[in-house]
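The block underneath contains the structure these notes are about, expressed in structure tokens.
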Amino acid sequence: MELKDKSSIPNHVAIIMDGNGRWAKQKGFDRIYGHSNGVESVRESIKAAREFNIKYLTLYAFSTENWNRPKEEIAALMDLLVSTILAEIAELSENDVQLRTIGNLELLPENCKNTLKEAVEKTASNKGLTLVLALSYSSRWEITNAVQSIVKKGYKHNEITEELVSSYLNTAGIPEPELLIRTSGEQRISNFLLWQIAYTEFYFTEVHWPDFNRDEFIKAILEYQNRERRFGKISEQINA
Ligand code: FPP
């Protein structure tokens, strides 16, 4: 599958990677096998984003709610995160990918925090793609946190603008996503980027995350481009 129309590529794509557990279960494996296979889809998505010159890719890797999962699964996910970053850091740099994180990182295990910090520092000057990992992230936490900081700074009520609120979110400086993809059939937002998706197009696919690849990414962009073409026009204009 190829992406012929390069004119309206989203600048920022956000992905809710879902369905690792179901994918593994269907194949008779444990959930963690699904997560390990999900890493390949992460690699493919980063590669595709670079190929299509997408500038920001935000991945919902671990939500605040995910802390309620069995502790073995949490530990496996954290290990996977550390081993993947260590294994991929060189290639990320070679491909001009900058790593950034959003979320309440304080809650992550020490080795995970350190690995992330190092990878963020090492890739800070890269300009091709900003890969934003949402870890221990929830949008309500992020917004609450922003409000607390704004109040602490002593802003007057009439100084509080949308721009000011945006600048206190973890995503400060990151443009809003044009496209949000969620895999595995669920059609909900699950506390992800609530403020930032005010004008975002949503794309839901039945495909489980470990089966998500370059072709699936292209399908999402094609759907986005179809919607773009309809933007602001009446149906007679489109049919003409
Ligand atoms: C959703 O599937 C997936 C996650 C909560 C974790 C995603 C993590 C990875 C793909 C691996 C590590 C990531 C990086 C960035 C290196 P689920 O467990 O919710 O599946 P289910 O809905 O079928 O139970």
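Chain labels run A, B, ... following the order of the structure tokens; each chain numbers its residues from 1, and ligands are numbered from 1 in the order shown.
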Q | In region 80-210 of chain A, DSSP helix (DSSP H, G or I) residues written as a PyMOL selection string | A | chain A and resi 80-94+105-107+110-122+139-152+157-159+162-167+209-210
Q. Using only C-alpha atoms and all ligand atoms, what are the residues with an atom within 8 Å of ligand 1, set out as a ChimeraX atom specification?
A. /A:16-24,31,34-42,59-63,66,77-78,80-82,84-85,133,184,208-210
Just write the chosen residues, N, CA, C and O atoms, as a CSV table (one decimal), in the first residue's frame.
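The file below, result_14.csv, is the result:
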chain,number,residue,atom,x,y,z
A,16,ILE,N,-3.8,5.6,20.6
A,16,ILE,CA,-4.1,4.7,21.8
A,16,ILE,C,-3.9,3.3,21.4
A,16,ILE,O,-4.6,2.7,20.6
A,17,MET,N,-2.7,2.8,21.8
A,17,MET,CA,-2.4,1.4,21.4
A,17,MET,C,-3.1,0.4,22.3
A,17,MET,O,-2.9,0.3,23.5
A,18,ASP,N,-4.1,-0.3,21.7
A,18,ASP,CA,-5.0,-1.1,22.5
A,18,ASP,C,-5.0,-2.5,21.9
A,18,ASP,O,-4.9,-2.7,20.7
A,19,GLY,N,-5.3,-3.5,22.8
A,19,GLY,CA,-5.6,-4.8,22.3
A,19,GLY,C,-4.4,-5.8,22.4
A,19,GLY,O,-4.5,-7.0,21.9
A,20,ASN,N,-3.3,-5.5,23.0
A,20,ASN,CA,-2.2,-6.4,23.2
A,20,ASN,C,-2.7,-7.7,23.9
A,20,ASN,O,-2.3,-8.8,23.5
A,21,GLY,N,-3.4,-7.5,25.0
A,21,GLY,CA,-3.9,-8.6,25.8
A,21,GLY,C,-4.8,-9.5,25.0
A,21,GLY,O,-4.6,-10.8,25.0
A,22,ARG,N,-5.8,-8.9,24.3
A,22,ARG,CA,-6.7,-9.8,23.6
A,22,ARG,C,-6.0,-10.5,22.4
A,22,ARG,O,-6.3,-11.7,22.2
A,23,TRP,N,-5.1,-9.8,21.8
A,23,TRP,CA,-4.4,-10.5,20.7
A,23,TRP,C,-3.6,-11.7,21.2
A,23,TRP,O,-3.7,-12.8,20.5
A,24,ALA,N,-3.0,-11.6,22.3
A,24,ALA,CA,-2.2,-12.7,22.9
A,24,ALA,C,-3.2,-13.8,23.3
A,24,ALA,O,-2.9,-15.0,23.0
A,31,ARG,N,-0.7,-12.3,28.4
A,31,ARG,CA,-0.9,-10.9,28.0
A,31,ARG,C,0.5,-10.3,27.6
A,31,ARG,O,0.6,-9.5,26.7
A,34,GLY,N,1.7,-10.4,24.3
A,34,GLY,CA,1.1,-9.4,23.4
A,34,GLY,C,1.8,-8.1,23.5
A,34,GLY,O,2.0,-7.4,22.5
A,35,HIS,N,2.2,-7.7,24.7
A,35,HIS,CA,3.0,-6.4,24.9
A,35,HIS,C,4.3,-6.5,24.1
A,35,HIS,O,4.7,-5.6,23.4
A,36,SER,N,5.0,-7.7,24.2
A,36,SER,CA,6.3,-7.8,23.5
A,36,SER,C,6.1,-7.6,22.0
A,36,SER,O,6.9,-7.0,21.4
A,37,ASN,N,5.1,-8.2,21.5
A,37,ASN,CA,4.8,-8.1,20.1
A,37,ASN,C,4.3,-6.7,19.7
A,37,ASN,O,4.5,-6.3,18.6
A,38,GLY,N,3.8,-6.0,20.7
A,38,GLY,CA,3.3,-4.6,20.4
A,38,GLY,C,4.5,-3.7,20.2
A,38,GLY,O,4.4,-2.7,19.5
A,39,VAL,N,5.7,-4.1,20.7
A,39,VAL,CA,6.9,-3.3,20.5
A,39,VAL,C,7.2,-3.1,19.0
A,39,VAL,O,7.6,-2.1,18.5
A,40,GLU,N,7.0,-4.2,18.2
A,40,GLU,CA,7.3,-4.2,16.8
A,40,GLU,C,6.4,-3.2,16.1
A,40,GLU,O,6.8,-2.5,15.2
A,41,SER,N,5.1,-3.1,16.6
A,41,SER,CA,4.2,-2.1,16.0
A,41,SER,C,4.6,-0.7,16.3
A,41,SER,O,4.4,0.2,15.5
A,42,VAL,N,5.2,-0.5,17.5
A,42,VAL,CA,5.8,0.8,17.9
A,42,VAL,C,6.9,1.2,16.9
A,42,VAL,O,6.9,2.3,16.3
A,59,LEU,N,2.3,8.4,21.7
A,59,LEU,CA,1.9,7.0,22.0
A,59,LEU,C,1.4,6.9,23.5
A,59,LEU,O,2.2,7.2,24.4
A,60,TYR,N,0.2,6.4,23.7
A,60,TYR,CA,-0.3,6.2,25.0
A,60,TYR,C,0.2,4.8,25.5
A,60,TYR,O,-0.4,3.8,25.2
A,61,ALA,N,1.4,4.8,26.2
A,61,ALA,CA,2.0,3.6,26.5
A,61,ALA,C,1.6,3.0,27.9
A,61,ALA,O,1.6,1.8,28.1
A,62,PHE,N,1.3,4.0,28.8
A,62,PHE,CA,0.9,3.5,30.1
A,62,PHE,C,0.0,4.6,30.8
A,62,PHE,O,0.5,5.7,31.0
A,63,SER,N,-1.2,4.2,31.1
A,63,SER,CA,-2.1,5.2,31.7
A,63,SER,C,-2.1,5.2,33.2
A,63,SER,O,-1.6,4.2,33.8
A,66,ASN,N,-3.7,2.2,34.4
A,66,ASN,CA,-2.9,0.9,34.2
A,66,ASN,C,-2.2,0.5,35.5
A,66,ASN,O,-1.8,-0.7,35.6
A,77,LEU,N,5.7,-4.6,31.8
A,77,LEU,CA,5.6,-3.5,30.9
A,77,LEU,C,6.8,-2.5,31.2
A,77,LEU,O,7.3,-1.9,30.2
A,78,MET,N,7.1,-2.3,32.4
A,78,MET,CA,8.2,-1.4,32.7
A,78,MET,C,9.5,-1.9,32.2
A,78,MET,O,10.4,-1.2,31.6
A,80,LEU,N,9.9,-3.9,29.7
A,80,LEU,CA,9.9,-3.8,28.2
A,80,LEU,C,10.2,-2.4,27.8
A,80,LEU,O,10.9,-2.2,26.8
A,81,LEU,N,9.7,-1.5,28.5
A,81,LEU,CA,10.0,-0.1,28.2
A,81,LEU,C,11.5,0.2,28.3
A,81,LEU,O,12.1,0.8,27.3
A,82,VAL,N,12.1,-0.2,29.4
A,82,VAL,CA,13.5,0.0,29.6
A,82,VAL,C,14.3,-0.7,28.5
A,82,VAL,O,15.2,-0.1,27.8
A,84,THR,N,13.4,-1.8,25.6
A,84,THR,CA,13.2,-1.3,24.2
A,84,THR,C,14.0,0.1,24.0
A,84,THR,O,14.6,0.2,23.0
A,85,ILE,N,13.9,0.9,25.0
A,85,ILE,CA,14.6,2.2,24.8
A,85,ILE,C,16.1,2.0,24.7
A,85,ILE,O,16.7,2.6,23.8
A,133,LEU,N,6.1,9.9,24.5
A,133,LEU,CA,5.6,8.7,25.2
A,133,LEU,C,4.7,9.2,26.4
A,133,LEU,O,5.2,9.9,27.2
A,184,SER,N,-8.1,-1.8,18.1
A,184,SER,CA,-8.7,-2.9,18.9
A,184,SER,C,-10.2,-2.7,19.2
A,184,SER,O,-10.8,-3.3,20.1
A,208,HIS,N,-6.0,-5.3,16.3
A,208,HIS,CA,-5.3,-5.2,17.6
A,208,HIS,C,-3.9,-4.6,17.5
A,208,HIS,O,-3.3,-4.8,16.4
A,209,TRP,N,-3.4,-3.9,18.5
A,209,TRP,CA,-2.1,-3.2,18.4
A,209,TRP,C,-1.0,-4.1,17.8
A,209,TRP,O,-0.3,-3.6,16.9
A,210,PRO,N,-0.8,-5.3,18.2
A,210,PRO,CA,0.4,-6.1,17.6
A,210,PRO,C,0.2,-6.3,16.1
A,210,PRO,O,1.2,-6.6,15.4
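Between CA of Glu228 (chain A) and CA of Ile54 (chain A) the separation is 16.1 Å.
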(Q) Could you list, as a list of chain:residue names, every residue within 9 Å of Arg182 (chain A), counting only C-alpha atoms and ignoring same-chain residues fewer than 2 positions away? (A) A:Ala14, A:Ile15, A:Ile16, A:Met17, A:Asp18, A:Leu180, A:Ser184, A:Gly185, A:Glu186, A:Gln187, A:Arg188, A:Ile189, A:Phe202, A:Tyr203, A:Phe204, A:Thr205, A:Glu206, A:Trp209
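The space between CA of Thr64 (chain A) and CA of Ser138 (chain A) spans 5.5 Å.
Taking CA of Ala49 (chain A) as the reference point, CA of Glu91 (chain A) is found at 14.4 Å.
Minimum atom-to-atom distance to Ile218 (chain A), evaluated using only C-alpha atoms, belongs to A:Ile181 out of A:Asp96, A:Tyr168, A:Lys122, A:Ile181.
Among A:Gly154, A:Pro70, A:Pro175, A:Gly28, the residue with the shortest atom-to-atom distance to Thr200 (chain A), counting only C-alpha atoms, is A:Pro175.
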**Q.** strand (DSSP E or B) residues, from DSSP on the backbone, in region 52-232 of chain A, as a ChimeraX atom specification
**A.** /A:56-63,97-102,129-137,179-182,201-204
For the selection just defined, write its residues with N, CA, C and O atoms to a file, as a CSV table (one decimal), in the first residue's frame.
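Output saved as selection_0.csv:
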chain,number,residue,atom,x,y,z
A,56,TYR,N,5.2,14.9,14.8
A,56,TYR,CA,4.9,14.5,16.2
A,56,TYR,C,4.1,13.2,16.2
A,56,TYR,O,3.1,13.1,15.5
A,57,LEU,N,4.6,12.2,17.0
A,57,LEU,CA,3.9,11.0,17.2
A,57,LEU,C,3.7,10.8,18.7
A,57,LEU,O,4.8,10.6,19.4
A,58,THR,N,2.5,10.8,19.2
A,58,THR,CA,2.3,10.6,20.7
A,58,THR,C,1.7,9.2,20.9
A,58,THR,O,0.7,8.9,20.3
A,59,LEU,N,2.3,8.4,21.7
A,59,LEU,CA,1.9,7.0,22.0
A,59,LEU,C,1.4,6.9,23.5
A,59,LEU,O,2.2,7.2,24.4
A,60,TYR,N,0.2,6.4,23.7
A,60,TYR,CA,-0.3,6.2,25.0
A,60,TYR,C,0.2,4.8,25.5
A,60,TYR,O,-0.4,3.8,25.2
A,61,ALA,N,1.4,4.8,26.2
A,61,ALA,CA,2.0,3.6,26.5
A,61,ALA,C,1.6,3.0,27.9
A,61,ALA,O,1.6,1.8,28.1
A,62,PHE,N,1.3,4.0,28.8
A,62,PHE,CA,0.9,3.5,30.1
A,62,PHE,C,0.0,4.6,30.8
A,62,PHE,O,0.5,5.7,31.0
A,63,SER,N,-1.2,4.2,31.1
A,63,SER,CA,-2.1,5.2,31.7
A,63,SER,C,-2.1,5.2,33.2
A,63,SER,O,-1.6,4.2,33.8
A,97,VAL,N,15.2,11.2,15.6
A,97,VAL,CA,14.0,11.2,16.5
A,97,VAL,C,14.3,11.8,17.9
A,97,VAL,O,15.3,11.3,18.5
A,98,GLN,N,13.5,12.7,18.3
A,98,GLN,CA,13.6,13.3,19.6
A,98,GLN,C,12.6,12.6,20.5
A,98,GLN,O,11.4,12.4,20.2
A,99,LEU,N,13.0,12.2,21.7
A,99,LEU,CA,12.1,11.5,22.6
A,99,LEU,C,11.6,12.5,23.7
A,99,LEU,O,12.5,13.3,24.2
A,100,ARG,N,10.4,12.5,24.0
A,100,ARG,CA,9.8,13.4,25.0
A,100,ARG,C,8.8,12.6,25.8
A,100,ARG,O,8.3,11.6,25.3
A,101,THR,N,8.5,12.9,27.0
A,101,THR,CA,7.5,12.2,27.8
A,101,THR,C,6.5,13.1,28.3
A,101,THR,O,6.7,14.3,28.6
A,102,ILE,N,5.3,12.6,28.5
A,102,ILE,CA,4.3,13.3,29.3
A,102,ILE,C,3.7,12.3,30.3
A,102,ILE,O,3.7,11.1,30.1
A,129,LEU,N,11.5,13.9,14.0
A,129,LEU,CA,10.2,13.5,14.6
A,129,LEU,C,10.3,13.6,16.1
A,129,LEU,O,11.4,13.2,16.6
A,130,THR,N,9.3,14.2,16.7
A,130,THR,CA,9.3,14.2,18.2
A,130,THR,C,8.3,13.0,18.6
A,130,THR,O,7.2,13.0,18.2
A,131,LEU,N,8.9,12.0,19.2
A,131,LEU,CA,8.2,10.9,19.7
A,131,LEU,C,7.8,11.2,21.2
A,131,LEU,O,8.7,11.3,22.0
A,132,VAL,N,6.5,11.3,21.4
A,132,VAL,CA,6.1,11.6,22.8
A,132,VAL,C,5.5,10.4,23.4
A,132,VAL,O,4.5,9.8,22.9
A,133,LEU,N,6.1,9.9,24.5
A,133,LEU,CA,5.6,8.7,25.2
A,133,LEU,C,4.7,9.2,26.4
A,133,LEU,O,5.2,9.9,27.2
A,134,ALA,N,3.5,8.8,26.4
A,134,ALA,CA,2.6,9.1,27.5
A,134,ALA,C,2.7,7.9,28.5
A,134,ALA,O,2.4,6.8,28.2
A,135,LEU,N,3.3,8.2,29.7
A,135,LEU,CA,3.6,7.2,30.7
A,135,LEU,C,3.1,7.6,32.0
A,135,LEU,O,3.3,8.8,32.5
A,136,SER,N,2.3,6.8,32.7
A,136,SER,CA,1.7,7.1,33.9
A,136,SER,C,0.9,8.4,33.7
A,136,SER,O,0.9,9.4,34.5
A,137,TYR,N,0.2,8.5,32.5
A,137,TYR,CA,-0.4,9.7,32.1
A,137,TYR,C,-1.9,9.5,32.2
A,137,TYR,O,-2.5,8.5,31.9
A,179,LEU,N,-4.8,14.0,14.1
A,179,LEU,CA,-5.4,12.6,14.0
A,179,LEU,C,-5.1,11.8,15.2
A,179,LEU,O,-4.0,11.8,15.7
A,180,LEU,N,-6.2,11.2,15.7
A,180,LEU,CA,-6.0,10.2,16.9
A,180,LEU,C,-6.5,8.9,16.4
A,180,LEU,O,-7.6,8.7,15.9
A,181,ILE,N,-5.6,7.9,16.6
A,181,ILE,CA,-5.9,6.5,16.2
A,181,ILE,C,-6.1,5.7,17.4
A,181,ILE,O,-5.4,5.8,18.4
A,182,ARG,N,-7.2,4.8,17.5
A,182,ARG,CA,-7.3,3.9,18.5
A,182,ARG,C,-7.5,2.5,17.9
A,182,ARG,O,-8.4,2.3,17.1
A,201,GLU,N,-9.4,14.7,14.4
A,201,GLU,CA,-10.2,13.6,13.8
A,201,GLU,C,-9.9,12.3,14.5
A,201,GLU,O,-8.7,12.0,14.8
A,202,PHE,N,-10.9,11.5,14.7
A,202,PHE,CA,-10.7,10.2,15.4
A,202,PHE,C,-10.8,9.1,14.3
A,202,PHE,O,-11.6,9.1,13.4
A,203,TYR,N,-9.9,8.1,14.4
A,203,TYR,CA,-9.9,6.9,13.6
A,203,TYR,C,-9.9,5.7,14.4
A,203,TYR,O,-8.9,5.5,15.2
A,204,PHE,N,-10.9,4.9,14.4
A,204,PHE,CA,-11.0,3.7,15.1
A,204,PHE,C,-10.8,2.5,14.2
A,204,PHE,O,-11.4,2.4,13.1
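Proximity ranking of A:Ala75, A:Ala48, A:Ser125, A:Lys55 relative to Ile174 (chain A) places A:Lys55 first, based on only C-alpha atoms.
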